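Have a look at work_21.csv; it's CSV, C-alpha atoms:
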chain,number,residue,atom,x,y,z
A,1,MET,CA,0.0,0.0,0.0
A,2,ILE,CA,1.2,3.5,-0.9
A,3,ILE,CA,0.3,6.4,1.5
A,4,SER,CA,3.0,8.8,0.4
A,5,SER,CA,0.7,10.2,-2.3
A,6,ASN,CA,-2.0,11.1,0.3
A,7,CYS,CA,-2.9,14.7,-0.2
A,8,VAL,CA,-6.2,15.4,1.7
A,9,SER,CA,-7.2,13.4,4.8
A,10,GLN,CA,-10.1,14.6,6.9
A,11,LEU,CA,-10.0,11.5,9.2
A,12,SER,CA,-8.6,11.5,12.7
A,13,ASP,CA,-5.2,9.9,13.1
A,14,HIS,CA,-7.0,6.9,14.6
A,15,GLY,CA,-9.4,6.7,11.6
A,16,PHE,CA,-6.5,7.0,9.1
A,17,ASP,CA,-4.6,4.3,10.9
A,18,TRP,CA,-7.6,2.0,10.9
A,19,TYR,CA,-8.1,2.6,7.1
A,20,THR,CA,-4.5,2.0,6.1
A,21,ARG,CA,-4.3,-1.1,8.2
A,22,PHE,CA,-7.5,-2.4,6.5
A,23,LEU,CA,-6.0,-1.7,3.0
A,24,GLY,CA,-2.7,-3.2,4.1
A,25,GLU,CA,-4.6,-6.4,4.9
A,26,VAL,CA,-6.4,-6.4,1.6
A,27,ASP,CA,-3.1,-5.9,-0.2
A,28,GLY,CA,-1.5,-8.6,2.0
A,29,ARG,CA,-4.3,-11.0,0.9
A,30,ALA,CA,-5.1,-11.6,4.6
A,31,ALA,CA,-8.7,-12.6,3.9
A,32,ASP,CA,-9.5,-13.5,7.5
A,33,GLN,CA,-8.3,-10.1,8.8
A,34,VAL,CA,-10.1,-8.3,6.0
A,35,LEU,CA,-13.4,-10.1,6.8
A,36,ALA,CA,-12.9,-9.4,10.5
A,37,ALA,CA,-13.3,-5.7,9.7
A,38,ILE,CA,-16.7,-6.3,8.0
A,39,HIS,CA,-20.1,-6.5,9.7
A,40,ASP,CA,-22.1,-9.7,9.2
A,41,ALA,CA,-24.8,-7.8,7.4
A,42,CYS,CA,-22.5,-5.6,5.3
A,43,VAL,CA,-23.5,-4.6,1.8
A,44,ILE,CA,-21.0,-4.0,-0.9
A,45,GLN,CA,-21.7,-2.6,-4.3
A,46,VAL,CA,-19.4,-2.0,-7.3
A,47,ASN,CA,-20.6,0.6,-9.8
A,48,ASP,CA,-24.2,-0.1,-10.9
A,49,ARG,CA,-23.9,-3.9,-10.3
A,50,LEU,CA,-26.1,-5.8,-8.0
A,51,PRO,CA,-25.0,-5.4,-4.4
A,52,ALA,CA,-23.5,-8.3,-2.5
A,53,TYR,CA,-25.3,-8.8,0.9
A,54,SER,CA,-23.6,-10.4,3.9
A,55,LYS,CA,-20.1,-11.2,5.0
A,56,ALA,CA,-20.4,-14.7,3.4
A,57,ALA,CA,-21.1,-13.2,0.0
A,58,ILE,CA,-18.2,-10.8,0.5
A,59,ALA,CA,-15.9,-13.7,1.4
A,60,ARG,CA,-16.7,-15.3,-1.9
A,61,GLY,CA,-16.1,-12.1,-3.8
A,62,LEU,CA,-12.8,-11.6,-2.0
A,63,GLU,CA,-11.8,-15.1,-3.0
A,64,LEU,CA,-12.5,-14.4,-6.6
A,65,TYR,CA,-10.6,-11.1,-6.3
A,66,TYR,CA,-7.5,-12.8,-5.1
A,67,GLU,CA,-7.8,-15.5,-7.8
A,68,ALA,CA,-8.1,-12.8,-10.5
A,69,PHE,CA,-5.1,-10.7,-9.4
A,70,GLU,CA,-1.7,-11.9,-8.4
A,71,LYS,CA,-1.0,-8.6,-6.7
A,72,VAL,CA,-3.2,-5.7,-5.6
A,73,GLU,CA,-1.8,-2.4,-4.3
A,74,HIS,CA,-3.8,0.6,-3.1
A,75,GLU,CA,-2.4,4.1,-3.4
A,76,VAL,CA,-4.4,6.5,-1.2
A,77,LEU,CA,-4.8,9.9,-2.8
A,78,ASN,CA,-7.5,11.7,-0.8
A,79,ILE,CA,-10.0,10.9,2.0
A,80,TYR,CA,-13.1,13.1,2.6
A,81,GLY,CA,-15.4,12.7,5.6
A,82,SER,CA,-15.4,11.4,9.2
A,83,ASP,CA,-14.1,8.2,10.7
A,84,ARG,CA,-17.5,6.6,10.6
A,85,ALA,CA,-18.5,7.7,7.0
A,86,PHE,CA,-16.0,8.7,4.5
A,87,ALA,CA,-15.0,8.6,0.8
A,88,ALA,CA,-11.5,7.7,-0.4
A,89,GLU,CA,-10.0,8.4,-3.7
A,90,LEU,CA,-7.4,5.8,-4.7
A,91,LEU,CA,-5.3,4.5,-7.4
A,92,MET,CA,-5.6,0.7,-7.6
A,93,HIS,CA,-2.7,-1.1,-9.0
A,94,TYR,CA,-3.6,-4.6,-10.2
A,95,ALA,CA,-1.4,-7.3,-11.5
A,96,PRO,CA,-3.6,-10.0,-13.3
A,97,PRO,CA,-2.0,-13.4,-13.8
A,98,ASN,CA,-0.8,-12.3,-17.3
A,99,GLY,CA,1.6,-10.0,-15.4
A,100,GLU,CA,0.4,-6.8,-17.1
A,101,ARG,CA,-0.1,-4.2,-14.4
A,102,ILE,CA,-3.3,-2.2,-14.6
A,103,THR,CA,-3.8,1.0,-12.7
A,104,MET,CA,-7.3,2.3,-12.2
A,105,PRO,CA,-8.4,5.4,-10.3
A,106,ALA,CA,-11.3,4.7,-8.0
A,107,ALA,CA,-13.5,6.2,-5.4
A,108,VAL,CA,-14.8,4.1,-2.4
A,109,MET,CA,-17.3,5.1,0.2
A,110,TYR,CA,-17.2,3.4,3.6
A,111,GLU,CA,-19.7,3.4,6.4
A,112,ARG,CA,-18.8,1.9,9.8
A,113,ASP,CA,-21.0,1.0,12.7
A,114,ALA,CA,-20.4,2.0,16.4
A,115,ASP,CA,-18.0,-0.9,16.8
A,116,GLY,CA,-16.0,0.2,13.7
A,117,LEU,CA,-17.1,-2.6,11.5
A,118,ILE,CA,-17.8,-1.8,7.8
A,119,VAL,CA,-21.6,-1.9,7.2
A,120,SER,CA,-21.6,-0.5,3.7
A,121,MET,CA,-18.9,-0.1,1.0
A,122,ARG,CA,-19.6,1.3,-2.5
A,123,LEU,CA,-16.9,1.3,-5.1
A,124,TYR,CA,-16.9,3.4,-8.2
A,125,VAL,CA,-14.2,2.5,-10.7
A,126,SER,CA,-13.8,2.7,-14.4
A,127,ALA,CA,-13.4,-1.0,-14.4
A,128,GLY,CA,-13.4,-2.1,-18.0
A,129,SER,CA,-10.1,-4.0,-18.0
A,130,MET,CA,-10.6,-5.1,-14.4
A,131,PHE,CA,-14.0,-6.8,-15.2
A,132,GLU,CA,-12.4,-8.6,-18.1
A,133,VAL,CA,-10.0,-10.2,-15.7
A,134,PHE,CA,-12.8,-11.0,-13.2
A,135,THR,CA,-15.0,-12.5,-16.0
A,136,ALA,CA,-12.1,-14.7,-17.2
A,137,THR,CA,-11.6,-15.9,-13.6
A,138,ALA,CA,-15.3,-16.6,-12.9
A,139,ARG,CA,-15.4,-18.7,-16.1
B,1,MET,CA,-32.7,17.9,-8.9
B,2,ILE,CA,-33.8,15.5,-6.2
B,3,LEU,CA,-32.5,16.3,-2.7
B,4,ASN,CA,-35.0,14.3,-0.5
B,5,SER,CA,-32.9,11.1,-0.9
B,6,LEU,CA,-30.0,12.8,0.9
B,7,ARG,CA,-29.1,10.5,3.8
B,8,ILE,CA,-25.6,11.4,5.2
B,9,ASN,CA,-24.6,15.0,4.9
B,10,GLN,CA,-21.4,16.3,6.4
B,11,VAL,CA,-21.3,19.7,4.7
B,12,SER,CA,-23.0,22.9,6.1
B,13,PRO,CA,-26.4,24.1,4.8
B,14,ALA,CA,-24.5,26.7,2.7
B,15,GLY,CA,-22.4,23.9,1.2
B,16,VAL,CA,-25.5,21.9,0.3
B,17,ASP,CA,-27.1,25.0,-1.1
B,18,TRP,CA,-24.0,25.6,-3.3
B,19,LEU,CA,-24.0,22.1,-4.6
B,20,ALA,CA,-27.8,22.2,-5.3
B,21,ARG,CA,-27.4,25.5,-7.2
B,22,TYR,CA,-24.5,24.1,-9.2
B,23,LEU,CA,-26.4,20.9,-10.1
B,24,CYS,CA,-29.5,23.0,-11.0
B,25,GLU,CA,-27.5,25.0,-13.5
B,26,ILE,CA,-26.3,21.8,-15.1
B,27,GLU,CA,-29.9,20.4,-15.2
B,28,ALA,CA,-31.1,23.7,-16.7
B,29,ARG,CA,-28.4,23.3,-19.3
B,30,ASP,CA,-27.3,26.8,-18.6
B,31,LEU,CA,-23.8,26.7,-19.9
B,32,ASP,CA,-22.8,30.3,-19.0
B,33,HIS,CA,-24.1,30.0,-15.4
B,34,ALA,CA,-22.7,26.5,-14.9
B,35,ILE,CA,-19.2,27.6,-16.1
B,36,ASN,CA,-19.2,30.5,-13.6
B,37,PHE,CA,-18.8,27.9,-10.8
B,38,PHE,CA,-15.3,27.0,-12.1
B,39,HIS,CA,-12.0,28.7,-11.6
B,40,ASP,CA,-10.1,29.7,-14.7
B,41,ALA,CA,-7.5,27.0,-14.0
B,42,ALA,CA,-9.9,24.3,-13.0
B,43,VAL,CA,-9.0,20.7,-13.7
B,44,THR,CA,-11.7,18.1,-14.3
B,45,GLN,CA,-11.4,14.4,-14.8
B,46,VAL,CA,-13.9,11.6,-15.5
B,47,ASN,CA,-12.8,8.1,-14.4
B,48,ASP,CA,-9.4,7.3,-16.0
B,49,GLY,CA,-10.0,9.8,-18.9
B,50,LEU,CA,-7.3,12.4,-19.5
B,51,PRO,CA,-7.7,15.5,-17.2
B,52,LEU,CA,-9.1,18.6,-18.8
B,53,HIS,CA,-7.2,21.8,-17.8
B,54,SER,CA,-8.9,25.2,-17.7
B,55,LYS,CA,-12.4,26.6,-17.7
B,56,VAL,CA,-12.3,26.7,-21.5
B,57,ALA,CA,-11.9,22.9,-21.6
B,58,VAL,CA,-14.7,22.5,-19.0
B,59,ARG,CA,-17.0,24.6,-21.2
B,60,GLY,CA,-16.3,22.2,-24.1
B,61,LEU,CA,-17.0,19.2,-21.9
B,62,LEU,CA,-20.3,20.6,-20.7
B,63,GLN,CA,-21.3,21.6,-24.3
B,64,ARG,CA,-20.8,18.0,-25.4
B,65,TYR,CA,-22.6,16.8,-22.3
B,66,PHE,CA,-25.6,18.9,-23.1
B,67,GLU,CA,-25.6,17.7,-26.7
B,68,ALA,CA,-25.5,14.1,-25.7
B,69,PHE,CA,-28.3,14.3,-23.2
B,70,SER,CA,-31.7,15.9,-23.7
B,71,HIS,CA,-32.4,15.7,-19.9
B,72,VAL,CA,-30.2,15.3,-16.9
B,73,GLU,CA,-31.4,15.0,-13.3
B,74,HIS,CA,-29.2,14.5,-10.2
B,75,GLU,CA,-30.4,12.6,-7.1
B,76,VAL,CA,-28.0,13.4,-4.2
B,77,LEU,CA,-27.5,10.4,-1.9
B,78,ASN,CA,-24.6,11.2,0.5
B,79,VAL,CA,-22.2,14.1,0.9
B,80,PHE,CA,-18.9,13.4,2.8
B,81,GLY,CA,-16.4,16.0,3.7
B,82,ALA,CA,-16.2,19.8,4.3
B,83,ASP,CA,-17.6,22.7,2.2
B,84,SER,CA,-14.3,23.3,0.4
B,85,GLN,CA,-13.4,19.6,-0.2
B,86,PHE,CA,-16.1,17.0,-0.4
B,87,ALA,CA,-17.4,13.9,-2.2
B,88,ALA,CA,-21.0,13.6,-3.3
B,89,GLU,CA,-22.6,10.3,-4.1
B,90,MET,CA,-25.5,10.6,-6.4
B,91,LEU,CA,-27.8,8.9,-8.9
B,92,CYS,CA,-27.6,10.6,-12.3
B,93,HIS,CA,-30.7,10.2,-14.3
B,94,TYR,CA,-29.9,10.8,-18.0
B,95,THR,CA,-32.0,10.9,-21.1
B,96,PRO,CA,-29.7,10.5,-24.1
B,97,SER,CA,-30.6,12.7,-27.0
B,98,THR,CA,-30.4,9.8,-29.5
B,99,SER,CA,-32.4,7.1,-27.8
B,100,GLY,CA,-34.7,9.1,-25.5
B,101,GLN,CA,-34.5,6.1,-23.1
B,102,ARG,CA,-33.7,7.1,-19.5
B,103,ILE,CA,-30.5,5.7,-17.9
B,104,THR,CA,-29.8,5.9,-14.2
B,105,MET,CA,-26.1,5.6,-13.2
B,106,PRO,CA,-24.7,5.8,-9.7
B,107,ALA,CA,-21.7,8.2,-9.5
B,108,MET,CA,-19.4,9.9,-7.1
B,109,ALA,CA,-18.1,13.4,-7.7
B,110,ILE,CA,-15.3,15.0,-5.8
B,111,TYR,CA,-15.2,18.8,-5.6
B,112,GLU,CA,-12.4,21.0,-4.4
B,113,ARG,CA,-13.2,24.7,-4.1
B,114,ASP,CA,-10.9,27.7,-3.6
B,115,ARG,CA,-11.4,30.5,-1.0
B,116,ASP,CA,-13.9,32.2,-3.3
B,117,GLY,CA,-15.9,29.0,-3.6
B,118,LEU,CA,-14.9,28.3,-7.2
B,119,ILE,CA,-14.3,24.7,-8.3
B,120,VAL,CA,-10.5,24.2,-8.8
B,121,SER,CA,-10.8,20.4,-9.2
B,122,MET,CA,-13.6,18.1,-10.0
B,123,ARG,CA,-13.2,14.3,-10.4
B,124,ILE,CA,-16.1,12.1,-11.4
B,125,TYR,CA,-16.2,8.4,-10.9
B,126,ILE,CA,-19.1,6.7,-12.8
B,127,SER,CA,-19.9,3.4,-14.2
B,128,ALA,CA,-20.3,5.1,-17.5
B,129,THR,CA,-21.0,2.4,-20.1
B,130,GLY,CA,-24.5,3.5,-21.0
B,131,MET,CA,-23.4,7.1,-20.8
B,132,PHE,CA,-20.4,6.7,-23.1
B,133,GLU,CA,-22.7,4.9,-25.6
B,134,ALA,CA,-24.9,8.0,-25.6
B,135,PHE,CA,-21.8,10.2,-26.1
B,136,ALA,CA,-20.6,8.1,-28.9
B,137,ALA,CA,-24.0,8.1,-30.6
B,138,ALA,CA,-24.1,11.9,-30.3
B,139,GLU,CA,-20.6,12.2,-31.9
B,140,VAL,CA,-21.6,9.9,-34.8
B,141,GLN,CA,-24.7,12.0,-35.4
B,142,ALA,CA,-22.7,15.3,-35.2
B,143,HIS,CA,-20.2,13.9,-37.8
B,144,ALA,CA,-23.0,12.7,-40.1
B,145,SER,CA,-24.8,16.0,-40.1
B,146,PRO,CA,-23.5,18.6,-42.6
B,147,SER,CA,-22.0,21.6,-40.7
Output the structure of this file as structure tokens.
Amino acid sequence: MIISSNCVSQLSDHGFDWYTRFLGEVDGRAADQVLAAIHDACVIQVNDRLPAYSKAAIARGLELYYEAFEKVEHEVLNIYGSDRAFAAELLMHYAPPNGERITMPAAVMYERDADGLIVSMRLYVSAGSMFEVFTATAR
Amino acid sequence: MILNSLRINQVSPAGVDWLARYLCEIEARDLDHAINFFHDAAVTQVNDGLPLHSKVAVRGLLQRYFEAFSHVEHEVLNVFGADSQFAAEMLCHYTPSTSGQRITMPAMAIYERDRDGLIVSMRIYISATGMFEAFAAAEVQAHASPS
């Protein structure tokens, strides 16, 4: 994970630390730790696709994500909002199994409950090339 | 513009009012008023498209936008951040000029404003397949029509 490109952060130090740890676990492919940060009834949506409901559905999605990409690295550009509800602007560096690195700018919105668990995450990404890799993996 | 779907709002009432006024100018297809919200050196970017530098470039972008869509309506869902730097999550209801068939796309727009309130940077993230089709169709039509 790259945080040296972070320009705006409106989170507290604690919120920023939580977020970078979370992304670090996603990048580190530590599925158990990633899922531990997610509420059982969490809803995740990517662009205008159907939302995935529940931690179990997210666990399956995460599995596909790790199969599709040999390496994922998040570069945090800007974070707007508060620790409980915020939007992050990122560059996402993906390495599909063909080895060709893809970088996509993305915006992600997170909502966390009183215990800090993610209850909603919406991802907006111009994901043409990413979805091609996903589709190939799902086949 | 639809504001009654607004759930989380972290900006001030003045900030929401500013956003509503800006979106209304876009929906009214009022190019001159909409462009007045931008700084001369504003930079705008949509997804991973090349950034557009300057107000003149934004004007061109908006002009093509108005040509591509006969009707645009914004439904604001959530606004995260502070008045000078915030992210707005919205549903964009588009009616392409060519098909007339309404498309609804979720999107997130990030606005950065200077001390005078002018937009210095605007980045839009949108699942834009349907939208780009409308843009492409409008371009084809423009090229086919004799000038």
At a cut-off of 8 Å, using all atoms listed in the file, what residues contact region 81-96 of chain A? Leave out same-chain residues fewer than 4 positions from it and give the result as a ChimeraX atom specification. /A:10-12,15-16,68-77,100-114,116,133 /B:10,80-82,86-87
I'd like the neighbourhood of Asp32 (chain A) as a ChimeraX atom specification, where a residue qualifies if any of its atoms comes within 12 Å (using only C-alpha atoms), though same-chain residues fewer than 4 positions away should be ignored. /A:22,25-26,28,36-38,55-56,58-60,62-63
For the point (-16.9, 15.1, -5.4) in file coordinates, what residues are within 7 Å, counting all atoms listed in the file? Give the answer as a ChimeraX atom specification? /B:86-88,108-111,122-124
Counting only C-alpha atoms, which residues of chain B fall within 12 Å of chain A, and what is the closest atom pair for each with its distance in Å at one decimal, ordered by chain and rising number, as a Markdown table?
| residue | atom | partner | partner_atom | distance |
| --- | --- | --- | --- | --- |
| B:Arg7 | CA | A:Ala85 | CA | 11.4 |
| B:Ile8 | CA | A:Ala85 | CA | 8.2 |
| B:Asn9 | CA | A:Gly81 | CA | 9.5 |
| B:Gln10 | CA | A:Gly81 | CA | 7.0 |
| B:Val11 | CA | A:Gly81 | CA | 9.2 |
| B:Gln45 | CA | A:Pro105 | CA | 10.5 |
| B:Val46 | CA | A:Ser126 | CA | 9.0 |
| B:Asn47 | CA | A:Ser126 | CA | 5.5 |
| B:Asp48 | CA | A:Pro105 | CA | 6.1 |
| B:Gly49 | CA | A:Ser126 | CA | 9.2 |
| B:Leu50 | CA | A:Pro105 | CA | 11.6 |
| B:Leu77 | CA | A:Met109 | CA | 11.7 |
| B:Asn78 | CA | A:Met109 | CA | 9.5 |
| B:Val79 | CA | A:Gly81 | CA | 8.4 |
| B:Phe80 | CA | A:Gly81 | CA | 4.5 |
| B:Gly81 | CA | A:Gly81 | CA | 3.9 |
| B:Ala82 | CA | A:Gly81 | CA | 7.3 |
| B:Asp83 | CA | A:Tyr80 | CA | 10.6 |
| B:Ser84 | CA | A:Tyr80 | CA | 10.5 |
| B:Gln85 | CA | A:Tyr80 | CA | 7.1 |
| B:Phe86 | CA | A:Tyr80 | CA | 5.8 |
| B:Ala87 | CA | A:Tyr80 | CA | 6.5 |
| B:Ala88 | CA | A:Ala87 | CA | 8.8 |
| B:Glu89 | CA | A:Met109 | CA | 8.6 |
| B:Met90 | CA | A:Tyr124 | CA | 11.4 |
| B:Leu91 | CA | A:Asp48 | CA | 9.9 |
| B:Cys92 | CA | A:Asp48 | CA | 11.3 |
| B:Ile103 | CA | A:Asp48 | CA | 11.1 |
| B:Thr104 | CA | A:Asp48 | CA | 8.8 |
| B:Met105 | CA | A:Asp48 | CA | 6.4 |
| B:Pro106 | CA | A:Asp48 | CA | 6.0 |
| B:Ala107 | CA | A:Tyr124 | CA | 6.9 |
| B:Met108 | CA | A:Tyr124 | CA | 7.1 |
| B:Ala109 | CA | A:Ala107 | CA | 8.8 |
| B:Ile110 | CA | A:Glu89 | CA | 8.7 |
| B:Tyr111 | CA | A:Tyr80 | CA | 10.2 |
| B:Glu112 | CA | A:Val8 | CA | 10.3 |
| B:Arg123 | CA | A:Glu89 | CA | 9.5 |
| B:Ile124 | CA | A:Ala107 | CA | 8.8 |
| B:Tyr125 | CA | A:Tyr124 | CA | 5.7 |
| B:Ile126 | CA | A:Tyr124 | CA | 6.1 |
| B:Ser127 | CA | A:Asn47 | CA | 5.3 |
| B:Ala128 | CA | A:Ser126 | CA | 7.6 |
| B:Thr129 | CA | A:Gly128 | CA | 9.1 |
| B:Gly130 | CA | A:Asp48 | CA | 10.7 |
| B:Phe132 | CA | A:Ser126 | CA | 11.6 |
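Taking only C-alpha atoms into account, the polymer residues that have an atom no farther than 10 Å from (-25.9, 0.6, 0.5) are Cys42, Val43, Ile44, Gln45, Pro51, Ala52, Tyr53, Met109, Tyr110, Glu111, Val119, Ser120, Met121 and Arg122 of chain A.
Picture a line from CA of Asn36 (chain B) to CA of Ser121 (chain B); it runs 13.9 Å.
Our summary of the geometry notes that CA of Val120 (chain B) is positioned 9.1 Å from CA of Ser54 (chain B).
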Distance in Å - CA of Ala42 (chain B) versus CA of Arg29 (chain B): 19.6 Å
His53 (chain B) surroundings by all atoms listed in the file, 8 Å radius, close-in-sequence under 6 positions cut, as a PDB file with C-alpha atoms, in the coordinates of the input:
ATOM      1  CA  ALA B  41      -7.500  27.000 -14.000  1.00  0.00           C
ATOM      2  CA  ALA B  42      -9.900  24.300 -13.000  1.00  0.00           C
ATOM      3  CA  VAL B  43      -9.000  20.700 -13.700  1.00  0.00           C
ATOM      4  CA  THR B  44     -11.700  18.100 -14.300  1.00  0.00           C
TER       5      THR B  44
END
